[in-house]
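Below is the file input.txt, which contains compact mmCIF, C-alpha atoms and all ligand atoms.
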# COMPACT_ATOMS: atom_id res chain seq x y z
CA MET A 13 38.81 0.12 -12.16
CA SER A 14 37.99 -3.52 -11.34
CA GLY A 15 40.48 -6.28 -12.19
CA TYR A 16 38.00 -7.69 -14.69
CA ALA A 17 37.57 -4.37 -16.52
CA GLU A 18 41.34 -3.81 -16.65
CA ALA A 19 41.97 -7.31 -17.98
CA THR A 20 39.26 -6.76 -20.60
CA ILE A 21 40.86 -3.51 -21.75
CA ARG A 22 44.36 -5.05 -21.86
CA SER A 23 43.17 -7.98 -23.90
CA PHE A 24 41.10 -5.75 -26.16
CA PRO A 25 42.56 -5.64 -29.72
CA PRO A 26 44.31 -2.36 -30.52
CA MET A 27 41.81 0.35 -31.36
CA MET A 28 43.20 1.19 -34.80
CA ASN A 29 42.96 -2.49 -35.85
CA ILE A 30 39.29 -2.57 -35.05
CA ILE A 31 38.61 0.73 -36.81
CA GLU A 32 40.55 -0.41 -39.89
CA ARG A 33 38.62 -3.69 -39.99
CA LEU A 34 35.29 -1.98 -39.47
CA LYS A 35 36.04 0.58 -42.18
CA LYS A 36 36.20 -2.24 -44.72
CA ILE A 37 32.62 -3.27 -44.03
CA MET A 38 31.07 0.08 -43.02
CA PRO A 39 29.25 2.21 -45.61
CA LYS A 40 31.41 5.25 -46.55
CA HIS A 41 29.14 7.82 -44.83
CA VAL A 42 29.44 6.07 -41.41
CA GLN A 43 32.22 7.57 -39.33
CA PRO A 44 33.60 6.13 -36.06
CA ILE A 45 32.65 8.17 -32.94
CA THR A 46 36.32 8.27 -31.97
CA THR A 47 39.63 6.61 -32.74
CA ASN A 48 40.91 7.31 -29.25
CA ARG A 49 40.81 4.30 -26.90
CA ASP A 50 39.94 6.23 -23.70
CA GLU A 51 37.24 8.20 -25.44
CA TYR A 52 35.88 4.98 -26.91
CA PHE A 53 35.54 3.35 -23.48
CA ALA A 54 33.98 6.51 -22.05
CA VAL A 55 31.33 6.42 -24.81
CA VAL A 56 30.66 2.69 -24.27
CA GLU A 57 30.35 3.26 -20.53
CA LYS A 58 27.92 6.17 -21.03
CA ILE A 59 25.75 4.12 -23.41
CA SER A 60 25.60 1.13 -21.06
CA ARG A 61 24.92 3.36 -18.03
CA GLU A 62 21.99 4.96 -19.87
CA ALA A 63 20.68 1.56 -20.98
CA SER A 64 20.83 0.12 -17.46
CA GLN A 65 19.13 3.24 -16.04
CA LYS A 66 16.28 2.71 -18.54
CA THR A 67 16.01 -0.95 -17.50
CA VAL A 68 15.82 0.02 -13.82
CA GLU A 69 13.01 2.50 -14.58
CA LEU A 70 11.15 0.00 -16.76
CA ASN A 71 11.43 -2.61 -14.01
CA ARG A 72 10.00 -0.15 -11.49
CA GLN A 73 6.87 0.28 -13.63
CA ASN A 74 6.68 -3.46 -14.36
CA ARG A 75 6.85 -4.27 -10.65
CA LEU A 76 3.41 -2.70 -10.36
CA LYS A 77 2.06 -5.65 -12.37
CA TYR A 78 3.22 -7.92 -9.55
CA LEU A 79 2.04 -5.52 -6.91
CA ILE A 80 -1.51 -4.92 -8.09
CA GLY A 81 -1.94 -7.20 -11.10
CA ARG A 82 -2.07 -4.46 -13.74
CA SER A 83 -0.10 -1.54 -15.09
CA GLY A 84 -0.24 1.68 -13.09
CA ILE A 85 -3.18 3.18 -15.00
CA SER A 86 -6.55 1.40 -15.23
CA PRO A 87 -7.62 0.06 -18.66
CA LEU A 88 -10.57 2.53 -18.73
CA HIS A 89 -8.19 5.47 -18.73
CA GLN A 90 -5.50 4.07 -21.03
CA ASP A 91 -6.34 6.56 -23.81
CA CYS A 92 -6.63 9.66 -21.64
CA ARG A 93 -4.15 12.32 -22.70
CA PHE A 94 -3.86 16.10 -22.34
CA GLU A 95 -4.44 16.33 -26.10
CA ASN A 96 -7.86 14.66 -25.98
CA TYR A 97 -9.12 16.55 -22.94
CA GLN A 98 -11.78 18.96 -24.24
CA ALA A 99 -11.59 22.28 -22.38
CA TYR A 100 -14.64 24.42 -23.21
CA THR A 101 -14.63 26.86 -20.29
CA ALA A 102 -11.97 29.03 -18.64
CA ASP A 103 -12.06 26.79 -15.53
CA GLN A 104 -11.52 23.66 -17.63
CA ARG A 105 -8.63 25.30 -19.49
CA ALA A 106 -7.09 26.35 -16.16
CA ALA A 107 -7.42 22.76 -14.85
CA LEU A 108 -5.79 21.42 -18.01
CA HIS A 109 -2.90 23.91 -17.81
CA GLN A 110 -2.27 23.16 -14.14
CA ALA A 111 -2.20 19.43 -14.87
CA ILE A 112 0.23 19.96 -17.78
CA ALA A 113 2.44 22.15 -15.57
CA PHE A 114 2.42 19.49 -12.84
CA ALA A 115 3.67 16.85 -15.31
CA LYS A 116 6.22 19.24 -16.82
CA ASN A 117 7.68 20.31 -13.48
CA PHE A 118 7.57 16.82 -11.96
CA GLY A 119 10.74 16.13 -10.01
CA SER A 120 11.47 19.75 -9.15
CA GLY A 121 9.58 19.45 -5.84
CA PHE A 122 7.32 17.03 -4.05
CA GLY A 123 4.03 18.95 -3.98
CA GLY A 124 1.11 16.72 -4.96
CA PHE A 125 -2.42 17.46 -6.16
CA VAL A 126 -6.04 17.12 -5.12
CA PHE A 127 -8.66 16.98 -7.88
CA SER A 128 -11.99 17.53 -6.19
CA GLY A 129 -15.41 17.81 -7.79
CA SER A 130 -18.48 16.21 -9.23
CA CYS A 131 -18.79 12.98 -11.26
CA GLY A 132 -17.58 12.64 -14.84
CA THR A 133 -15.72 15.97 -14.89
CA GLY A 134 -12.38 14.47 -15.94
CA LYS A 135 -10.47 14.04 -12.68
CA ASN A 136 -9.31 10.56 -13.67
CA HIS A 137 -8.77 11.70 -17.25
CA LEU A 138 -6.27 14.40 -16.25
CA ALA A 139 -4.63 12.20 -13.60
CA ALA A 140 -4.13 9.46 -16.24
CA ALA A 141 -2.78 12.04 -18.71
CA ILE A 142 -0.23 13.12 -16.08
CA GLY A 143 0.57 9.44 -15.49
CA HIS A 144 1.15 8.66 -19.18
CA CYS A 145 3.35 11.70 -19.55
CA LEU A 146 5.50 10.68 -16.54
CA ILE A 147 5.71 7.03 -17.61
CA ASN A 148 7.04 8.27 -20.98
CA LYS A 149 9.72 10.14 -19.04
CA GLY A 150 10.71 6.89 -17.31
CA LYS A 151 8.87 7.53 -14.02
CA SER A 152 6.71 4.95 -12.25
CA VAL A 153 3.07 5.82 -11.62
CA LEU A 154 0.27 4.04 -9.80
CA CYS A 155 -3.33 5.23 -9.81
CA ILE A 156 -5.47 3.04 -7.54
CA THR A 157 -8.87 3.34 -5.86
CA VAL A 158 -8.90 3.33 -2.09
CA ALA A 159 -11.18 0.25 -2.21
CA ASP A 160 -8.62 -1.69 -4.34
CA LEU A 161 -5.83 -0.53 -2.11
CA MET A 162 -7.61 -1.80 1.00
CA MET A 163 -8.35 -5.12 -0.72
CA ARG A 164 -4.66 -5.43 -1.66
CA PHE A 165 -3.62 -4.73 1.93
CA ARG A 166 -6.11 -7.27 3.27
CA SER A 167 -4.57 -9.88 0.97
CA THR A 168 -1.23 -9.49 2.78
CA TYR A 169 -2.84 -11.38 5.67
CA GLU A 170 -3.64 -14.45 3.55
CA LYS A 171 -1.75 -17.59 4.44
CA HIS A 172 0.72 -17.69 1.54
CA ALA A 173 0.71 -13.98 0.78
CA GLU A 174 3.49 -12.89 -1.57
CA TRP A 175 3.85 -9.49 0.12
CA SER A 176 3.96 -8.48 3.73
CA GLU A 177 2.05 -5.38 4.81
CA GLU A 178 5.32 -3.54 5.39
CA GLY A 179 6.70 -4.68 2.00
CA LEU A 180 3.59 -3.40 0.23
CA LEU A 181 3.76 -0.09 2.06
CA ARG A 182 7.43 0.23 1.10
CA GLU A 183 6.67 -0.45 -2.57
CA LEU A 184 3.86 2.12 -2.54
CA CYS A 185 6.30 4.63 -1.14
CA ASN A 186 8.84 3.85 -3.87
CA VAL A 187 6.50 4.62 -6.77
CA ASP A 188 7.37 8.06 -8.19
CA LEU A 189 3.74 9.21 -8.27
CA LEU A 190 0.95 7.54 -6.31
CA VAL A 191 -2.61 8.66 -7.07
CA LEU A 192 -5.36 7.62 -4.66
CA ASP A 193 -8.74 7.52 -6.38
CA GLU A 194 -12.25 7.66 -4.90
CA ILE A 195 -11.20 9.17 -1.60
CA GLY A 196 -14.18 9.45 0.71
CA ILE A 197 -16.45 6.79 -0.78
CA GLN A 198 -17.77 4.87 2.20
CA HIS A 199 -15.68 1.80 2.93
CA ARG A 200 -16.08 -1.16 5.13
CA ASN A 201 -13.90 -0.56 8.15
CA SER A 202 -13.25 3.09 7.41
CA ASP A 203 -11.01 3.50 10.46
CA ASN A 204 -8.41 1.24 8.82
CA THR A 205 -8.74 3.19 5.58
CA GLN A 206 -8.09 6.44 7.37
CA ILE A 207 -5.06 4.99 9.17
CA LEU A 208 -3.61 3.62 5.92
CA ILE A 209 -4.09 6.86 3.97
CA ASN A 210 -2.53 8.79 6.84
CA GLN A 211 0.43 6.41 6.84
CA LEU A 212 0.92 6.66 3.07
CA VAL A 213 0.68 10.45 2.99
CA ASP A 214 2.99 10.73 5.98
CA ARG A 215 5.63 8.37 4.64
CA ARG A 216 5.57 9.68 1.10
CA THR A 217 5.77 13.34 2.06
CA SER A 218 8.56 12.64 4.52
CA HIS A 219 10.44 10.93 1.66
CA LYS A 220 9.64 13.93 -0.56
CA LYS A 221 7.48 11.86 -2.89
CA PRO A 222 4.30 13.44 -4.28
CA ILE A 223 0.84 11.98 -3.92
CA GLY A 224 -2.33 12.76 -5.88
CA MET A 225 -5.93 12.46 -4.65
CA LEU A 226 -9.16 12.25 -6.64
CA THR A 227 -12.40 12.84 -4.81
CA ASN A 228 -16.01 13.94 -5.01
CA LEU A 229 -15.66 15.54 -1.59
CA THR A 230 -15.00 19.19 -0.79
CA GLY A 231 -11.96 20.25 1.23
CA GLU A 232 -14.01 20.48 4.40
CA GLN A 233 -15.48 17.02 3.84
CA ILE A 234 -12.07 15.43 3.15
CA SER A 235 -10.73 17.05 6.25
CA GLY A 236 -13.61 15.48 8.17
CA VAL A 237 -12.95 12.02 6.68
CA LEU A 238 -9.14 11.94 6.66
CA GLY A 239 -8.26 14.54 9.27
CA GLU A 240 -6.60 17.94 9.11
CA ARG A 241 -3.03 16.52 9.08
CA VAL A 242 -3.52 14.76 5.74
CA LEU A 243 -4.78 17.85 3.94
CA ASP A 244 -2.09 19.96 5.52
CA ARG A 245 0.59 17.61 4.17
CA MET A 246 -1.07 17.47 0.73
CA MET A 247 -0.59 21.21 0.38
CA MET A 248 3.16 21.06 1.18
CA ASP A 249 5.67 22.35 -1.36
CA ASN A 250 3.08 24.08 -3.56
CA GLY A 251 0.69 21.17 -3.73
CA ILE A 252 -2.17 22.05 -6.07
CA TRP A 253 -5.92 21.91 -5.52
CA ILE A 254 -8.26 21.95 -8.51
CA ASN A 255 -12.03 22.17 -8.24
CA PHE A 256 -13.76 20.28 -11.05
CA ASN A 257 -17.13 21.95 -10.87
CA TRP A 258 -18.71 21.63 -14.27
CA GLU A 259 -21.10 19.18 -15.84
CA SER A 260 -20.30 15.53 -16.43
CA TYR A 261 -18.68 14.55 -19.72
CA ARG A 262 -19.83 10.93 -19.47
CA SER A 263 -22.88 11.29 -21.77
CA LYS A 264 -20.45 12.42 -24.54
CA VAL A 265 -18.16 9.39 -24.16
CA LYS A 266 -18.29 7.06 -27.17
CA CYS A 267 -16.78 3.61 -27.44
CA HIS A 268 -14.45 3.42 -30.47
CA ALA A 269 -13.92 -0.34 -30.18
N1 LIG B 301 -13.12 17.36 -20.74
C1 LIG B 301 -13.07 16.11 -21.20
N2 LIG B 301 -12.64 15.84 -22.44
C2 LIG B 301 -12.62 14.59 -22.92
N3 LIG B 301 -13.02 13.51 -22.22
C3 LIG B 301 -13.46 13.73 -20.97
C4 LIG B 301 -13.49 15.01 -20.39
N4 LIG B 301 -13.96 14.91 -19.14
C5 LIG B 301 -14.17 13.61 -18.94
N5 LIG B 301 -13.89 12.90 -20.04
C6 LIG B 301 -14.09 11.45 -20.22
O1 LIG B 301 -15.29 11.14 -19.52
C7 LIG B 301 -15.16 9.92 -18.80
C8 LIG B 301 -15.34 10.18 -17.32
O2 LIG B 301 -14.28 11.00 -16.88
P1 LIG B 301 -13.45 10.68 -15.56
O3 LIG B 301 -13.40 9.22 -15.34
O4 LIG B 301 -12.16 11.40 -15.64
O5 LIG B 301 -14.42 11.37 -14.49
P2 LIG B 301 -14.20 11.65 -12.95
O6 LIG B 301 -14.13 13.12 -12.77
O7 LIG B 301 -13.05 10.86 -12.46
O8 LIG B 301 -15.60 11.13 -12.38
P3 LIG B 301 -15.96 10.37 -11.00
O9 LIG B 301 -15.94 11.40 -9.93
O10 LIG B 301 -17.33 9.85 -11.26
O11 LIG B 301 -14.95 9.29 -10.80
C9 LIG B 301 -13.77 9.37 -19.13
O12 LIG B 301 -13.93 8.46 -20.22
C10 LIG B 301 -13.00 10.61 -19.60
O13 LIG B 301 -11.98 10.29 -20.54
MG MG B 302 -13.03 9.16 -11.15
As structure tokens, how would this structure be written, given the file I've shared?
Amino acid sequence: MSGYAEATIRSFPPMMNIIERLKKIMPKHVQPITTNRDEYFAVVEKISREASQKTVELNRQNRLKYLIGRSGISPLHQDCRFENYQAYTADQRAALHQAIAFAKNFGSGFGGFVFSGSCGTGKNHLAAAIGHCLINKGKSVLCITVADLMMRFRSTYEKHAEWSEEGLLRELCNVDLLVLDEIGIQHRNSDNTQILINQLVDRRTSHKKPIGMLTNLTGEQISGVLGERVLDRMMMDNGIWINFNWESYRSKVKCHA
């Protein structure tokens, strides 16, 4: 125990005095957790350890605001939850259940996911629902389009850039779940994009951190764009692949604002 902690305990008023004084002002039904000094300090230590753990986790999610200028999930998908995902067909129900299972089992392995399929089928919806669920469990989540990611990396070369390229890469590897959106949409300088995605997938999987991918491309097409190694790593440790091949939901979306 540190000198400071010992001195604090020695100078702490005797336990029974405190309890007696508190009893005078406490309602009758409130009982002290313990009257034993050691137990009391153990409880205080546990409470403060839990509180500081929560602060660390909250800070990790808040850091994303500095990193990309917003919370980890885009404003458009802030309301997406498992509960409001309409599953009409067996394939949609299977997709929903796999997404729920991914969020539930998060932390037990480092397998990621690929949601591949046509427009408006709910890939972002289910990825955001996973994200919200994990954030509620104290995990940090970032869902970012490849175009935004590239823009963010380019900004590290500006004169007074706040982040170095390596610093940004490190932060992106620290996030508990990183979801890369719009994989395969043609980008300016696609060689750099391919190198960066390779680097991220490589680093994260070697640190046993999962990564999610959302794309309109098929497996074969992604393999052509990103290379065989990336897909191979995405399927490590029971990584999941879901095909979203049903009609777009977008015409049913209503604005409730
Ligand atoms: N099954 C569903 N139930 C409820 N809302 C849905 C469903 N599918 C999609 N949506 C809603 O439709 C809109 C479009 O969905 P989303 O952004 O997830 O599509 P996407 O598959 O990512 O499409 P794209 O490939 O074009 O990016 C979102 O507002 C989403 O919440
Ligand atoms: Mg999308």
> Do you know which residues are at most 8 Å from Arg262 of chain A counting all atoms listed in the file, after dropping those on the same chain fewer than 2 positions away, and could you put them as an NGL selection string?
Replying inline: :A and (132-133 or 260 or 264-265)
> Could you work out how far atom CA of Leu76 of chain A lies from atom CA of Ser176 of chain A, giving the answer in Å with one decimal?
Replying inline: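 Interatomic distance, atom CA of Ser176 of chain A to atom CA of Leu76 of chain A: 15.2 Å.
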Closest contacts (segment 30-121 of chain A/segment 168-174 of chain A, max 12 Å, only C-alpha atoms) as a Markdown table:
| residue | atom | partner | partner_atom | distance |
| --- | --- | --- | --- | --- |
| A:Tyr78 | CA | A:Glu174 | CA | 9.4 |
| A:Leu79 | CA | A:Glu174 | CA | 9.2 |
| A:Ile80 | CA | A:Glu174 | CA | 11.4 |
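Pocket residues of ligand MG 302 (chain B), taken as those with any atom at most 7 Å away using all atoms listed in the file, are Cys131, Gly132, Lys135, Asn136, Asp193, Glu194 and Leu226 of chain A.
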Using all atoms listed in the file, find each protein or nucleic acid residue lying at most 10 Å from ligand LIG 301 (chain B); present the set as a PDB file with C-alpha atoms, keeping the file's coordinate frame.
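The result, written out as result.pdb:
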ATOM      1  CA  LEU A  88     -10.570   2.530 -18.730  1.00  0.00           C
ATOM      2  CA  HIS A  89      -8.190   5.470 -18.730  1.00  0.00           C
ATOM      3  CA  GLN A  90      -5.500   4.070 -21.030  1.00  0.00           C
ATOM      4  CA  ASP A  91      -6.340   6.560 -23.810  1.00  0.00           C
ATOM      5  CA  CYS A  92      -6.630   9.660 -21.640  1.00  0.00           C
ATOM      6  CA  ARG A  93      -4.150  12.320 -22.700  1.00  0.00           C
ATOM      7  CA  PHE A  94      -3.860  16.100 -22.340  1.00  0.00           C
ATOM      8  CA  GLU A  95      -4.440  16.330 -26.100  1.00  0.00           C
ATOM      9  CA  ASN A  96      -7.860  14.660 -25.980  1.00  0.00           C
ATOM     10  CA  TYR A  97      -9.120  16.550 -22.940  1.00  0.00           C
ATOM     11  CA  GLN A  98     -11.780  18.960 -24.240  1.00  0.00           C
ATOM     12  CA  ALA A  99     -11.590  22.280 -22.380  1.00  0.00           C
ATOM     13  CA  TYR A 100     -14.640  24.420 -23.210  1.00  0.00           C
ATOM     14  CA  THR A 101     -14.630  26.860 -20.290  1.00  0.00           C
ATOM     15  CA  GLN A 104     -11.520  23.660 -17.630  1.00  0.00           C
ATOM     16  CA  ARG A 105      -8.630  25.300 -19.490  1.00  0.00           C
ATOM     17  CA  ALA A 107      -7.420  22.760 -14.850  1.00  0.00           C
ATOM     18  CA  LEU A 108      -5.790  21.420 -18.010  1.00  0.00           C
ATOM     19  CA  PHE A 127      -8.660  16.980  -7.880  1.00  0.00           C
ATOM     20  CA  SER A 128     -11.990  17.530  -6.190  1.00  0.00           C
ATOM     21  CA  GLY A 129     -15.410  17.810  -7.790  1.00  0.00           C
ATOM     22  CA  SER A 130     -18.480  16.210  -9.230  1.00  0.00           C
ATOM     23  CA  CYS A 131     -18.790  12.980 -11.260  1.00  0.00           C
ATOM     24  CA  GLY A 132     -17.580  12.640 -14.840  1.00  0.00           C
ATOM     25  CA  THR A 133     -15.720  15.970 -14.890  1.00  0.00           C
ATOM     26  CA  GLY A 134     -12.380  14.470 -15.940  1.00  0.00           C
ATOM     27  CA  LYS A 135     -10.470  14.040 -12.680  1.00  0.00           C
ATOM     28  CA  ASN A 136      -9.310  10.560 -13.670  1.00  0.00           C
ATOM     29  CA  HIS A 137      -8.770  11.700 -17.250  1.00  0.00           C
ATOM     30  CA  LEU A 138      -6.270  14.400 -16.250  1.00  0.00           C
ATOM     31  CA  ALA A 139      -4.630  12.200 -13.600  1.00  0.00           C
ATOM     32  CA  ALA A 140      -4.130   9.460 -16.240  1.00  0.00           C
ATOM     33  CA  ALA A 141      -2.780  12.040 -18.710  1.00  0.00           C
ATOM     34  CA  THR A 157      -8.870   3.340  -5.860  1.00  0.00           C
ATOM     35  CA  ASP A 193      -8.740   7.520  -6.380  1.00  0.00           C
ATOM     36  CA  GLU A 194     -12.250   7.660  -4.900  1.00  0.00           C
ATOM     37  CA  ILE A 195     -11.200   9.170  -1.600  1.00  0.00           C
ATOM     38  CA  LEU A 226      -9.160  12.250  -6.640  1.00  0.00           C
ATOM     39  CA  THR A 227     -12.400  12.840  -4.810  1.00  0.00           C
ATOM     40  CA  ASN A 228     -16.010  13.940  -5.010  1.00  0.00           C
ATOM     41  CA  LEU A 229     -15.660  15.540  -1.590  1.00  0.00           C
ATOM     42  CA  PHE A 256     -13.760  20.280 -11.050  1.00  0.00           C
ATOM     43  CA  ASN A 257     -17.130  21.950 -10.870  1.00  0.00           C
ATOM     44  CA  TRP A 258     -18.710  21.630 -14.270  1.00  0.00           C
ATOM     45  CA  GLU A 259     -21.100  19.180 -15.840  1.00  0.00           C
ATOM     46  CA  SER A 260     -20.300  15.530 -16.430  1.00  0.00           C
ATOM     47  CA  TYR A 261     -18.680  14.550 -19.720  1.00  0.00           C
ATOM     48  CA  ARG A 262     -19.830  10.930 -19.470  1.00  0.00           C
ATOM     49  CA  SER A 263     -22.880  11.290 -21.770  1.00  0.00           C
ATOM     50  CA  LYS A 264     -20.450  12.420 -24.540  1.00  0.00           C
ATOM     51  CA  VAL A 265     -18.160   9.390 -24.160  1.00  0.00           C
ATOM     52  CA  LYS A 266     -18.290   7.060 -27.170  1.00  0.00           C
ATOM     53  CA  CYS A 267     -16.780   3.610 -27.440  1.00  0.00           C
TER      54      CYS A 267
END
> So how far away is atom CA of Ile234 of chain A from atom CA of Cys185 of chain A, in Å?
Replying inline: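 Pair atom CA of Cys185 of chain A / atom CA of Ile234 of chain A returns 21.7 Å.
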